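Colleague: Structure file upload_10.txt (compact mmCIF, C-alpha atoms) right here:
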```txt
# COMPACT_ATOMS: atom_id res chain seq x y z
CA MET A 1169 0.00 0.00 0.00
CA GLY A 1170 1.34 3.41 -0.97
CA ILE A 1171 0.97 6.69 0.86
CA VAL A 1172 -2.50 7.33 2.29
CA ALA A 1173 -3.84 10.85 2.86
CA VAL A 1174 -6.86 11.67 5.00
CA THR A 1175 -8.87 14.88 4.96
CA GLY A 1176 -11.55 16.00 7.40
CA VAL A 1177 -9.44 15.00 10.42
CA THR A 1178 -10.86 17.80 12.56
CA GLY A 1179 -14.38 16.41 11.95
CA VAL A 1180 -16.01 13.20 13.14
CA VAL A 1181 -15.67 10.95 10.09
CA GLY A 1182 -12.10 11.93 9.18
CA ARG A 1183 -10.97 11.71 12.79
CA ARG A 1184 -12.47 8.24 13.20
CA VAL A 1185 -10.74 7.05 10.04
CA ALA A 1186 -7.45 8.50 11.28
CA ASP A 1187 -7.95 6.70 14.60
CA ALA A 1188 -8.56 3.41 12.77
CA LEU A 1189 -5.48 3.79 10.56
CA SER A 1190 -3.30 4.64 13.53
CA TYR A 1191 -4.64 1.66 15.48
CA ALA A 1192 -3.86 -0.58 12.47
CA GLY A 1193 -0.30 0.78 12.33
CA VAL A 1194 -0.78 2.39 8.92
CA PRO A 1195 1.34 5.54 8.38
CA PHE A 1196 -0.64 8.33 6.75
CA ARG A 1197 -0.68 12.01 5.94
CA MET A 1198 -3.33 14.31 7.35
CA LEU A 1199 -4.50 17.26 5.28
CA ALA A 1200 -6.09 20.04 7.31
CA ARG A 1201 -7.13 23.61 6.68
CA SER A 1202 -6.18 24.31 10.31
CA PRO A 1203 -3.23 21.99 11.04
CA GLU A 1204 -3.05 23.13 14.67
CA ARG A 1205 -6.46 21.53 15.24
CA ALA A 1206 -5.49 18.17 13.79
CA PRO A 1207 -5.01 15.18 16.10
CA ARG A 1208 -1.54 13.75 16.55
CA TYR A 1209 -0.50 10.15 15.95
CA PRO A 1210 2.82 8.30 15.63
CA ASN A 1211 4.18 7.89 12.10
CA THR A 1212 1.96 10.59 10.61
CA GLU A 1213 2.43 14.06 9.26
CA VAL A 1214 0.07 17.03 9.10
CA VAL A 1215 0.06 19.26 6.04
CA ALA A 1216 -1.84 22.52 5.57
CA CYS A 1217 -4.34 22.21 2.74
CA SER A 1218 -7.49 23.97 1.58
CA TYR A 1219 -9.83 22.42 -0.99
CA GLY A 1220 -10.22 25.69 -2.83
CA ASP A 1221 -6.48 26.42 -3.10
CA ALA A 1222 -5.19 24.43 -6.07
CA GLU A 1223 -1.52 25.15 -5.40
CA SER A 1224 -1.53 24.13 -1.74
CA ALA A 1225 -3.66 21.08 -2.48
CA ARG A 1226 -1.36 19.81 -5.21
CA ALA A 1227 1.69 20.29 -3.00
CA ALA A 1228 -0.01 18.52 -0.07
CA LEU A 1229 -0.94 15.57 -2.27
CA GLU A 1230 2.46 14.97 -3.87
CA GLY A 1231 3.40 11.31 -3.51
CA VAL A 1232 -0.06 10.25 -2.30
CA ASP A 1233 -1.53 7.06 -3.79
CA THR A 1234 -4.85 6.78 -1.94
CA LEU A 1235 -6.91 9.72 -0.68
CA LEU A 1236 -9.90 9.95 1.63
CA MET A 1237 -11.80 13.05 0.51
CA VAL A 1238 -14.38 13.95 3.12
CA SER A 1239 -16.84 16.36 1.53
CA ALA A 1240 -16.33 19.98 2.52
CA ALA A 1241 -18.56 21.79 4.98
CA GLU A 1242 -21.76 23.08 3.38
CA ASN A 1243 -21.19 26.45 1.76
CA ALA A 1244 -22.11 28.28 -1.42
CA GLU A 1245 -18.73 27.51 -2.99
CA ARG A 1246 -18.48 23.85 -2.04
CA LEU A 1247 -18.77 22.42 -5.55
CA ARG A 1248 -16.10 24.78 -6.86
CA GLU A 1249 -13.84 23.78 -3.95
CA HIS A 1250 -14.45 20.09 -4.63
CA ILE A 1251 -13.62 20.40 -8.32
CA THR A 1252 -10.46 22.36 -7.55
CA PHE A 1253 -9.33 19.68 -5.09
CA VAL A 1254 -10.16 16.76 -7.38
CA ASP A 1255 -8.22 18.35 -10.22
CA ALA A 1256 -5.28 18.99 -7.88
CA ALA A 1257 -5.33 15.33 -6.79
CA ALA A 1258 -5.24 14.13 -10.38
CA ALA A 1259 -2.41 16.54 -11.19
CA ALA A 1260 -0.45 15.33 -8.15
CA GLY A 1261 -0.68 11.72 -9.32
CA VAL A 1262 -3.19 10.36 -6.78
CA LYS A 1263 -4.34 6.94 -7.96
CA HIS A 1264 -7.51 6.33 -5.92
CA ILE A 1265 -10.05 8.57 -4.14
CA VAL A 1266 -12.50 7.47 -1.48
CA TYR A 1267 -15.14 10.20 -1.48
CA THR A 1268 -17.94 10.73 1.04
CA SER A 1269 -20.86 11.45 -1.27
CA PHE A 1270 -24.59 11.32 -0.59
CA PHE A 1271 -27.36 8.75 -0.93
CA GLY A 1272 -29.25 9.20 -4.19
CA ALA A 1273 -26.70 11.60 -5.66
CA ALA A 1274 -28.13 12.67 -9.02
CA PRO A 1275 -28.35 15.79 -11.18
CA ASP A 1276 -32.08 16.05 -10.49
CA ALA A 1277 -32.10 14.96 -6.84
CA THR A 1278 -34.78 16.61 -4.70
CA PHE A 1279 -32.23 17.30 -1.97
CA THR A 1280 -30.32 20.18 -3.46
CA LEU A 1281 -26.93 19.31 -1.99
CA ALA A 1282 -27.07 15.79 -3.46
CA ARG A 1283 -26.74 17.45 -6.88
CA ASP A 1284 -23.36 18.88 -5.88
CA HIS A 1285 -22.25 15.45 -4.72
CA PHE A 1286 -23.24 13.99 -8.10
CA ALA A 1287 -21.23 16.67 -9.90
CA THR A 1288 -18.23 15.88 -7.69
CA GLU A 1289 -18.58 12.16 -8.44
CA GLU A 1290 -18.66 12.93 -12.15
CA ARG A 1291 -15.48 15.00 -11.88
CA ILE A 1292 -13.70 12.19 -10.04
CA ALA A 1293 -14.94 9.50 -12.45
CA GLY A 1294 -13.69 11.53 -15.41
CA SER A 1295 -10.31 12.33 -13.87
CA GLY A 1296 -8.55 9.06 -14.64
CA MET A 1297 -8.29 8.19 -10.95
CA SER A 1298 -10.09 5.13 -9.63
CA TYR A 1299 -12.63 5.73 -6.89
CA THR A 1300 -14.88 4.49 -4.13
CA PHE A 1301 -18.01 6.56 -3.58
CA LEU A 1302 -19.55 6.33 -0.11
CA ARG A 1303 -23.12 7.51 -0.59
CA ASP A 1304 -24.13 8.26 2.99
CA ASN A 1305 -27.78 8.52 3.96
CA LEU A 1306 -28.83 11.13 6.52
CA TYR A 1307 -26.78 10.85 9.70
CA LEU A 1308 -28.35 9.30 12.79
CA ASP A 1309 -26.06 11.63 14.73
CA PHE A 1310 -28.12 14.66 13.73
CA VAL A 1311 -31.68 13.56 14.52
CA GLU A 1312 -31.67 15.11 17.99
CA TYR A 1313 -30.81 18.47 16.42
CA MET A 1314 -33.89 18.30 14.22
CA VAL A 1315 -36.04 18.75 17.31
CA GLY A 1316 -37.15 22.31 18.05
CA GLU A 1317 -37.12 23.87 21.49
CA ASP A 1318 -40.79 22.93 21.79
CA GLY A 1319 -40.06 19.26 21.21
CA VAL A 1320 -41.36 19.22 17.64
CA ILE A 1321 -39.62 18.08 14.45
CA ARG A 1322 -41.00 20.24 11.64
CA GLY A 1323 -40.66 19.61 7.94
CA PRO A 1324 -42.57 18.56 4.80
CA ALA A 1325 -41.54 14.89 5.02
CA ASP A 1326 -45.08 13.43 4.90
CA ALA A 1327 -44.88 9.67 5.63
CA GLY A 1328 -41.64 9.20 3.71
CA ARG A 1329 -38.89 7.02 5.10
CA ALA A 1330 -35.14 7.49 5.52
CA ALA A 1331 -32.57 4.74 6.10
CA MET A 1332 -30.30 6.87 8.27
CA VAL A 1333 -26.73 5.82 9.05
CA ALA A 1334 -24.32 6.54 11.89
CA ARG A 1335 -21.14 8.45 11.11
CA ALA A 1336 -19.25 5.71 12.97
CA ASP A 1337 -20.38 3.19 10.35
CA VAL A 1338 -19.42 5.49 7.50
CA ALA A 1339 -15.95 5.86 9.03
CA ARG A 1340 -15.58 2.10 9.42
CA VAL A 1341 -16.30 1.60 5.72
CA ALA A 1342 -13.98 4.45 4.73
CA ALA A 1343 -11.10 3.09 6.82
CA ILE A 1344 -11.33 -0.28 5.08
CA ALA A 1345 -11.62 1.25 1.61
CA VAL A 1346 -8.51 3.41 1.97
CA GLN A 1347 -6.48 0.47 3.26
CA HIS A 1348 -7.62 -1.88 0.47
CA PRO A 1349 -8.47 0.31 -2.53
CA GLU A 1350 -7.92 -2.53 -4.97
CA GLN A 1351 -10.87 -4.38 -3.42
CA HIS A 1352 -13.19 -1.37 -3.70
CA ARG A 1353 -12.22 0.04 -7.07
CA ASN A 1354 -14.75 2.03 -9.11
CA VAL A 1355 -17.75 1.17 -6.96
CA ALA A 1356 -20.42 3.22 -5.19
CA TYR A 1357 -21.71 2.02 -1.83
CA ASP A 1358 -25.07 3.07 -0.43
CA LEU A 1359 -24.41 3.46 3.29
CA THR A 1360 -27.55 3.11 5.38
CA GLY A 1361 -28.62 1.92 8.77
CA PRO A 1362 -30.53 -1.37 9.25
CA GLU A 1363 -34.01 0.22 9.06
CA GLU A 1364 -35.93 2.95 7.28
CA LEU A 1365 -37.98 5.25 9.48
CA THR A 1366 -40.64 7.89 9.06
CA MET A 1367 -40.13 11.12 10.96
CA SER A 1368 -43.05 10.16 13.21
CA GLU A 1369 -41.21 6.94 14.10
CA VAL A 1370 -38.02 8.93 14.69
CA ALA A 1371 -39.97 11.16 17.09
CA GLU A 1372 -41.29 8.11 18.95
CA LYS A 1373 -37.79 6.72 19.42
CA LEU A 1374 -36.45 10.08 20.57
CA THR A 1375 -39.29 10.29 23.09
CA ALA A 1376 -38.36 6.86 24.46
CA HIS A 1377 -34.66 7.64 24.80
CA LEU A 1378 -34.59 11.32 25.73
CA GLY A 1379 -37.19 11.17 28.47
CA ARG A 1380 -39.22 14.03 26.99
CA ALA A 1381 -42.02 14.19 24.49
CA VAL A 1382 -40.99 14.60 20.86
CA SER A 1383 -43.47 14.79 18.00
CA PHE A 1384 -43.45 15.37 14.27
CA HIS A 1385 -45.39 18.10 12.47
CA ASP A 1386 -45.71 17.63 8.71
CA GLU A 1387 -45.36 21.16 7.39
CA THR A 1388 -46.29 22.32 3.93
CA VAL A 1389 -43.36 23.53 1.85
CA GLU A 1390 -44.54 27.11 2.34
CA GLU A 1391 -44.72 26.63 6.11
CA ALA A 1392 -41.24 25.13 6.10
CA TYR A 1393 -39.70 28.18 4.45
CA ARG A 1394 -41.58 30.52 6.80
CA SER A 1395 -40.58 28.62 9.94
CA ARG A 1396 -36.90 28.72 8.94
CA ALA A 1397 -36.94 32.40 8.06
CA LYS A 1398 -36.20 33.20 11.71
CA TRP A 1399 -32.59 32.23 10.96
CA ASP A 1400 -30.57 34.63 8.85
CA ALA A 1401 -29.32 32.38 6.06
CA PRO A 1402 -28.68 32.56 2.32
CA GLN A 1403 -31.28 31.14 -0.05
CA TRP A 1404 -29.24 28.07 -0.91
CA GLN A 1405 -29.22 27.14 2.78
CA TYR A 1406 -33.00 27.51 3.12
CA ASP A 1407 -33.41 25.35 0.02
CA ALA A 1408 -31.11 22.68 1.46
CA TRP A 1409 -32.93 22.64 4.81
CA VAL A 1410 -36.36 22.31 3.27
CA SER A 1411 -35.38 19.87 0.53
CA THR A 1412 -33.99 17.50 3.16
CA TYR A 1413 -37.62 16.87 4.14
CA THR A 1414 -39.15 16.99 0.65
CA ALA A 1415 -36.60 14.38 -0.43
CA ILE A 1416 -37.79 12.15 2.40
CA ALA A 1417 -41.37 12.67 1.26
CA ALA A 1418 -40.36 11.78 -2.30
CA GLY A 1419 -38.88 8.47 -1.11
CA GLU A 1420 -35.34 9.40 -2.14
CA PHE A 1421 -33.78 8.48 1.22
CA ALA A 1422 -35.66 5.18 1.54
CA GLY A 1423 -34.25 1.71 0.97
CA VAL A 1424 -32.00 -0.26 3.30
CA SER A 1425 -28.69 -1.33 1.82
CA GLY A 1426 -26.45 -4.11 3.05
CA ASP A 1427 -23.27 -2.35 1.96
CA VAL A 1428 -22.04 -1.38 5.45
CA GLU A 1429 -22.16 -4.98 6.61
CA ARG A 1430 -20.75 -6.31 3.34
CA VAL A 1431 -17.68 -4.11 3.64
CA THR A 1432 -17.13 -4.19 7.41
CA GLY A 1433 -18.64 -7.54 8.42
CA ARG A 1434 -20.60 -5.67 11.07
CA ARG A 1435 -24.29 -4.76 11.08
CA PRO A 1436 -24.77 -0.99 11.08
CA LEU A 1437 -26.13 0.80 14.13
CA SER A 1438 -29.85 1.40 14.46
CA LEU A 1439 -31.30 4.63 15.84
CA ASP A 1440 -32.18 2.87 19.10
CA GLU A 1441 -28.62 1.60 19.45
CA TYR A 1442 -27.14 4.98 18.62
CA LEU A 1443 -29.35 6.78 21.15
CA ALA A 1444 -28.42 4.16 23.74
CA GLY A 1445 -24.80 5.21 23.33
CA GLU A 1446 -23.43 2.51 21.07
CA ARG A 1447 -20.72 3.63 18.67
```
Mind turning the file's structure into structure tokens?
Modeller:
Amino acid sequence: MGIVAVTGVTGVVGRRVADALSYAGVPFRMLARSPERAPRYPNTEVVACSYGDAESARAALEGVDTLLMVSAAENAERLREHITFVDAAAAAGVKHIVYTSFFGAAPDATFTLARDHFATEERIAGSGMSYTFLRDNLYLDFVEYMVGEDGVIRGPADAGRAAMVARADVARVAAIAVQHPEQHRNVAYDLTGPEELTMSEVAEKLTAHLGRAVSFHDETVEEAYRSRAKWDAPQWQYDAWVSTYTAIAAGEFAGVSGDVERVTGRRPLSLDEYLAGER
């Protein structure tokens, strides 16, 4: 195995992958926009790198064979940053990219940000590098933050279902893929949990685990935009927030995949298990 580089090490998924590589005794290079915030491990190096800076990215990726590219934080320029980084990786001679994409990535996806993930996948696939696309469903880790101060989850999700996945399971898959890229070459994995839930069922499980009443209110699309207007945000962010729920309603986050278990040999965490503290 050649040189492995890991991005996103100051976030949950990248940090968990770095932990797994260190535990396995794999030397690797960490790429971080803020190197001082990166964790420290034996036999590793930390290099300053920004997705949107082609020159720094190419320099940071020199000599790298396999790259974990954790998608950038949501922002209006994310797709441009992704394309710049992918092009820099190809120019630096990277052979394989493991990219954290999104479930149902497509040019016409209801969830607006899934369109950017599709465009990033297309750039990688056309770059000459081989790839593994990890198409993560919604994160189980975030469901508690969907609950308002009044104990209500609000959104136009109707009775649609989502097969949400824990970030820990995504990281487990990613850690295996970067260590054995030849076994996961030019494939896309749909990473889901073991069940698909409606938002009403999510609210019931949160009620059981949090010790307080949580309910779901199925807003209209118009109500959803109005209820989120209390936050000062750009239009693309409002569209992303609302389309998260309309994509659920459209059935675009439904469908349980066995890919997590196929890759890791371990059944993915359920929402009940996650809320009970399993990781």
Colleague: So that I can see what lies close to range 1398-1403 of chain A, please list as an NGL selection string the residues with an atom at most 10 Å from it, counting all atoms listed in the file and leaving out residues fewer than 5 positions away in the same chain.
Modeller: :A and (1243-1244 or 1393 or 1408-1409)
Colleague: Quick one: residues within 12 Å of range 1415-1422 of chain A, only C-alpha atoms, excluding same-chain residues fewer than 2 positions away - as an MDAnalysis selection string?
Modeller: chainID A and resid 1270:1274 1276:1282 1303:1307 1323:1333 1358:1367 1386:1389 1407:1413 1424:1425
Colleague: Measuring atom to atom with all atoms listed in the file, identify which of A:Ala1192, A:Val1431, A:Ile1321, A:Ala1259 is nearest to Val1338 in chain A.
Modeller: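 Under the stated criterion, the closest residue is A:Val1431.
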Colleague: Select, from A:Arg1246, A:Arg1322, A:Arg1208, A:Arg1197, the residue with the minimum atom-to-atom distance to Ala1392 in chain A, counting only C-alpha atoms.
Modeller: A:Arg1322
Colleague: Report, in Å to a single decimal, how far apart CA of Arg1447 in chain A and CA of Ala1371 in chain A are.
Modeller: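 Answer for the CA of Ala1371 in chain A to CA of Arg1447 in chain A separation: 20.7 Å.
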Colleague: I need the residue nearest Arg1248 in chain A from this list: A:Ile1171, A:Ala1287, A:Met1297, A:Ala1356. Use only C-alpha atoms for the distance.
Modeller: A:Ala1287
Colleague: Please compute the CA of Thr1268 in chain A-CA of Val1315 in chain A distance, one decimal, in Å.
Modeller: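 CA of Thr1268 in chain A sits 25.6 Å away from CA of Val1315 in chain A.
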Colleague: Determine the nearest neighbour of Arg1340 in chain A from the options A:Glu1242, A:Glu1429, A:Asp1309, A:Asp1221, counting all atoms listed in the file.
Modeller: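 Comparing A:Glu1242, A:Glu1429, A:Asp1309, A:Asp1221 against Arg1340 in chain A, the winner is A:Glu1429.
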Colleague: Find the residues near range 1182-1188 of chain A: any atom within 10 Å, counting only C-alpha atoms, skip ones fewer than 2 places away on the same chain, and give them as a ChimeraX atom specification.
Modeller: /A:1173-1180,1190-1198,1206-1209,1212,1236-1238,1335-1344,1346
Colleague: Please indicate the distance in Å from CA of Gly1423 in chain A to CA of Ala1241 in chain A, rounded to one decimal place.
Modeller: 25.8 Å
Colleague: I'd like the contact shell of Val1262 in chain A - 12 Å cut-off, all atoms listed in the file, skipping same-chain residues fewer than 4 positions apart - returned as a VMD selection string.
Modeller: chain A and resid 1170 to 1173 1225 to 1237 1253 to 1258 1266 1292 1295 to 1299
Colleague: Counting all atoms listed in the file, which residues have an atom no more than 12 Å from (-43.1, 21.6, 22.6) in the file's coordinates? Please list them as a list in words.
Modeller: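 Residues satisfying the cut-off, written out: Val1315, Gly1316, Glu1317, Asp1318, Gly1319, Val1320, Ile1321, Arg1322, Thr1375, Arg1380, Ala1381, Val1382, Ser1383, Phe1384 and His1385 of chain A.
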Colleague: Tell me which of A:Thr1288, A:Ala1260, A:Leu1189, A:Arg1394 sits closest to Gln1347 in chain A, counting all atoms listed in the file.
Modeller: A:Leu1189
Colleague: Box for range 1377-1391 of chain A - axis-aligned, 4 Å on each of the six sides, all listed atoms - centre and size in Å to one decimal, as lines of an AutoDock Vina configuration file.
Modeller:
```
center_x = -40.4
center_y = 17.4
center_z = 15.2
size_x = 19.7
size_y = 27.5
size_z = 34.6
```
Colleague: Just checking: using only C-alpha atoms, which residue out of A:Tyr1219, A:Tyr1442, A:Tyr1267, A:Tyr1406 ends up closest to Phe1301 in chain A?
Modeller: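 Comparing A:Tyr1219, A:Tyr1442, A:Tyr1267, A:Tyr1406 against Phe1301 in chain A, the winner is A:Tyr1267.
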Colleague: Taking 5 positions as the minimum chain separation for residues in the same chain, which residues sit within 12 Å of Ala1444 in chain A when counting all atoms listed in the file? Answer as an NGL selection string.
Modeller: :A and (1309 or 1373-1374 or 1376-1378 or 1437-1439)
Colleague: Keeping N, CA, C and O atoms, write range 1204-1232 of chain A of the structure just shown out as a PDB file, in the first residue's frame.
Modeller:
```pdb
ATOM      1  N   GLU A1204      -3.176  23.113  13.208  1.00  0.00           N
ATOM      2  CA  GLU A1204      -3.049  23.129  14.667  1.00  0.00           C
ATOM      3  C   GLU A1204      -4.195  22.417  15.359  1.00  0.00           C
ATOM      4  O   GLU A1204      -4.085  22.021  16.532  1.00  0.00           O
ATOM      5  N   ARG A1205      -5.307  22.218  14.659  1.00  0.00           N
ATOM      6  CA  ARG A1205      -6.465  21.534  15.245  1.00  0.00           C
ATOM      7  C   ARG A1205      -6.457  20.034  14.968  1.00  0.00           C
ATOM      8  O   ARG A1205      -7.302  19.301  15.481  1.00  0.00           O
ATOM      9  N   ALA A1206      -5.531  19.585  14.157  1.00  0.00           N
ATOM     10  CA  ALA A1206      -5.491  18.172  13.786  1.00  0.00           C
ATOM     11  C   ALA A1206      -5.003  17.316  14.948  1.00  0.00           C
ATOM     12  O   ALA A1206      -4.156  17.748  15.735  1.00  0.00           O
ATOM     13  N   PRO A1207      -5.510  16.097  15.061  1.00  0.00           N
ATOM     14  CA  PRO A1207      -5.006  15.182  16.100  1.00  0.00           C
ATOM     15  C   PRO A1207      -3.584  14.770  15.782  1.00  0.00           C
ATOM     16  O   PRO A1207      -3.088  14.982  14.663  1.00  0.00           O
ATOM     17  N   ARG A1208      -2.916  14.189  16.741  1.00  0.00           N
ATOM     18  CA  ARG A1208      -1.536  13.751  16.547  1.00  0.00           C
ATOM     19  C   ARG A1208      -1.435  12.243  16.768  1.00  0.00           C
ATOM     20  O   ARG A1208      -2.006  11.702  17.713  1.00  0.00           O
ATOM     21  N   TYR A1209      -0.703  11.591  15.873  1.00  0.00           N
ATOM     22  CA  TYR A1209      -0.497  10.150  15.954  1.00  0.00           C
ATOM     23  C   TYR A1209       0.967   9.860  15.618  1.00  0.00           C
ATOM     24  O   TYR A1209       1.614  10.640  14.909  1.00  0.00           O
ATOM     25  N   PRO A1210       1.475   8.701  16.055  1.00  0.00           N
ATOM     26  CA  PRO A1210       2.820   8.300  15.632  1.00  0.00           C
ATOM     27  C   PRO A1210       2.839   8.019  14.131  1.00  0.00           C
ATOM     28  O   PRO A1210       1.826   7.613  13.547  1.00  0.00           O
ATOM     29  N   ASN A1211       3.972   8.234  13.508  1.00  0.00           N
ATOM     30  CA  ASN A1211       4.185   7.887  12.096  1.00  0.00           C
ATOM     31  C   ASN A1211       3.221   8.592  11.146  1.00  0.00           C
ATOM     32  O   ASN A1211       2.779   8.019  10.143  1.00  0.00           O
ATOM     33  N   THR A1212       2.826   9.812  11.494  1.00  0.00           N
ATOM     34  CA  THR A1212       1.965  10.588  10.614  1.00  0.00           C
ATOM     35  C   THR A1212       2.539  11.990  10.458  1.00  0.00           C
ATOM     36  O   THR A1212       3.389  12.416  11.238  1.00  0.00           O
ATOM     37  N   GLU A1213       2.079  12.664   9.444  1.00  0.00           N
ATOM     38  CA  GLU A1213       2.434  14.064   9.258  1.00  0.00           C
ATOM     39  C   GLU A1213       1.164  14.863   8.998  1.00  0.00           C
ATOM     40  O   GLU A1213       0.161  14.316   8.533  1.00  0.00           O
ATOM     41  N   VAL A1214       1.197  16.136   9.328  1.00  0.00           N
ATOM     42  CA  VAL A1214       0.074  17.032   9.100  1.00  0.00           C
ATOM     43  C   VAL A1214       0.515  18.110   8.119  1.00  0.00           C
ATOM     44  O   VAL A1214       1.547  18.751   8.315  1.00  0.00           O
ATOM     45  N   VAL A1215      -0.270  18.289   7.076  1.00  0.00           N
ATOM     46  CA  VAL A1215       0.061  19.256   6.035  1.00  0.00           C
ATOM     47  C   VAL A1215      -1.105  20.226   5.868  1.00  0.00           C
ATOM     48  O   VAL A1215      -2.262  19.805   5.807  1.00  0.00           O
ATOM     49  N   ALA A1216      -0.809  21.511   5.788  1.00  0.00           N
ATOM     50  CA  ALA A1216      -1.844  22.516   5.567  1.00  0.00           C
ATOM     51  C   ALA A1216      -2.392  22.376   4.155  1.00  0.00           C
ATOM     52  O   ALA A1216      -1.632  22.250   3.186  1.00  0.00           O
ATOM     53  N   CYS A1217      -3.719  22.391   4.045  1.00  0.00           N
ATOM     54  CA  CYS A1217      -4.343  22.211   2.744  1.00  0.00           C
ATOM     55  C   CYS A1217      -5.762  22.752   2.771  1.00  0.00           C
ATOM     56  O   CYS A1217      -6.516  22.491   3.711  1.00  0.00           O
ATOM     57  N   SER A1218      -6.125  23.481   1.741  1.00  0.00           N
ATOM     58  CA  SER A1218      -7.489  23.970   1.578  1.00  0.00           C
ATOM     59  C   SER A1218      -8.025  23.471   0.249  1.00  0.00           C
ATOM     60  O   SER A1218      -7.329  23.550  -0.774  1.00  0.00           O
ATOM     61  N   TYR A1219      -9.254  22.962   0.236  1.00  0.00           N
ATOM     62  CA  TYR A1219      -9.827  22.416  -0.993  1.00  0.00           C
ATOM     63  C   TYR A1219      -9.845  23.442  -2.126  1.00  0.00           C
ATOM     64  O   TYR A1219      -9.673  23.091  -3.289  1.00  0.00           O
ATOM     65  N   GLY A1220     -10.080  24.681  -1.800  1.00  0.00           N
ATOM     66  CA  GLY A1220     -10.217  25.694  -2.830  1.00  0.00           C
ATOM     67  C   GLY A1220      -8.922  26.296  -3.319  1.00  0.00           C
ATOM     68  O   GLY A1220      -8.923  27.133  -4.231  1.00  0.00           O
ATOM     69  N   ASP A1221      -7.803  25.877  -2.738  1.00  0.00           N
ATOM     70  CA  ASP A1221      -6.483  26.416  -3.104  1.00  0.00           C
ATOM     71  C   ASP A1221      -5.738  25.350  -3.895  1.00  0.00           C
ATOM     72  O   ASP A1221      -5.151  24.423  -3.326  1.00  0.00           O
ATOM     73  N   ALA A1222      -5.757  25.466  -5.212  1.00  0.00           N
ATOM     74  CA  ALA A1222      -5.193  24.432  -6.072  1.00  0.00           C
ATOM     75  C   ALA A1222      -3.711  24.199  -5.807  1.00  0.00           C
ATOM     76  O   ALA A1222      -3.237  23.064  -5.787  1.00  0.00           O
ATOM     77  N   GLU A1223      -2.963  25.277  -5.589  1.00  0.00           N
ATOM     78  CA  GLU A1223      -1.516  25.151  -5.403  1.00  0.00           C
ATOM     79  C   GLU A1223      -1.175  24.413  -4.120  1.00  0.00           C
ATOM     80  O   GLU A1223      -0.346  23.492  -4.113  1.00  0.00           O
ATOM     81  N   SER A1224      -1.823  24.805  -3.011  1.00  0.00           N
ATOM     82  CA  SER A1224      -1.530  24.129  -1.740  1.00  0.00           C
ATOM     83  C   SER A1224      -2.012  22.687  -1.766  1.00  0.00           C
ATOM     84  O   SER A1224      -1.374  21.790  -1.205  1.00  0.00           O
ATOM     85  N   ALA A1225      -3.132  22.446  -2.423  1.00  0.00           N
ATOM     86  CA  ALA A1225      -3.664  21.085  -2.484  1.00  0.00           C
ATOM     87  C   ALA A1225      -2.734  20.172  -3.270  1.00  0.00           C
ATOM     88  O   ALA A1225      -2.437  19.047  -2.844  1.00  0.00           O
ATOM     89  N   ARG A1226      -2.267  20.649  -4.403  1.00  0.00           N
ATOM     90  CA  ARG A1226      -1.364  19.810  -5.207  1.00  0.00           C
ATOM     91  C   ARG A1226      -0.079  19.518  -4.443  1.00  0.00           C
ATOM     92  O   ARG A1226       0.404  18.372  -4.439  1.00  0.00           O
ATOM     93  N   ALA A1227       0.461  20.506  -3.765  1.00  0.00           N
ATOM     94  CA  ALA A1227       1.686  20.294  -3.002  1.00  0.00           C
ATOM     95  C   ALA A1227       1.454  19.298  -1.865  1.00  0.00           C
ATOM     96  O   ALA A1227       2.290  18.427  -1.598  1.00  0.00           O
ATOM     97  N   ALA A1228       0.293  19.414  -1.190  1.00  0.00           N
ATOM     98  CA  ALA A1228      -0.007  18.523  -0.071  1.00  0.00           C
ATOM     99  C   ALA A1228      -0.214  17.085  -0.522  1.00  0.00           C
ATOM    100  O   ALA A1228      -0.015  16.150   0.261  1.00  0.00           O
ATOM    101  N   LEU A1229      -0.605  16.899  -1.773  1.00  0.00           N
ATOM    102  CA  LEU A1229      -0.940  15.568  -2.271  1.00  0.00           C
ATOM    103  C   LEU A1229       0.205  14.911  -3.044  1.00  0.00           C
ATOM    104  O   LEU A1229       0.049  13.773  -3.513  1.00  0.00           O
ATOM    105  N   GLU A1230       1.327  15.570  -3.166  1.00  0.00           N
ATOM    106  CA  GLU A1230       2.464  14.969  -3.874  1.00  0.00           C
ATOM    107  C   GLU A1230       2.859  13.650  -3.209  1.00  0.00           C
ATOM    108  O   GLU A1230       3.057  13.585  -1.997  1.00  0.00           O
ATOM    109  N   GLY A1231       2.973  12.610  -4.006  1.00  0.00           N
ATOM    110  CA  GLY A1231       3.399  11.306  -3.507  1.00  0.00           C
ATOM    111  C   GLY A1231       2.290  10.449  -2.939  1.00  0.00           C
ATOM    112  O   GLY A1231       2.518   9.298  -2.564  1.00  0.00           O
ATOM    113  N   VAL A1232       1.062  10.991  -2.866  1.00  0.00           N
ATOM    114  CA  VAL A1232      -0.063  10.246  -2.295  1.00  0.00           C
ATOM    115  C   VAL A1232      -0.639   9.282  -3.327  1.00  0.00           C
ATOM    116  O   VAL A1232      -0.840   9.645  -4.490  1.00  0.00           O
TER     117      VAL A1232
END
```
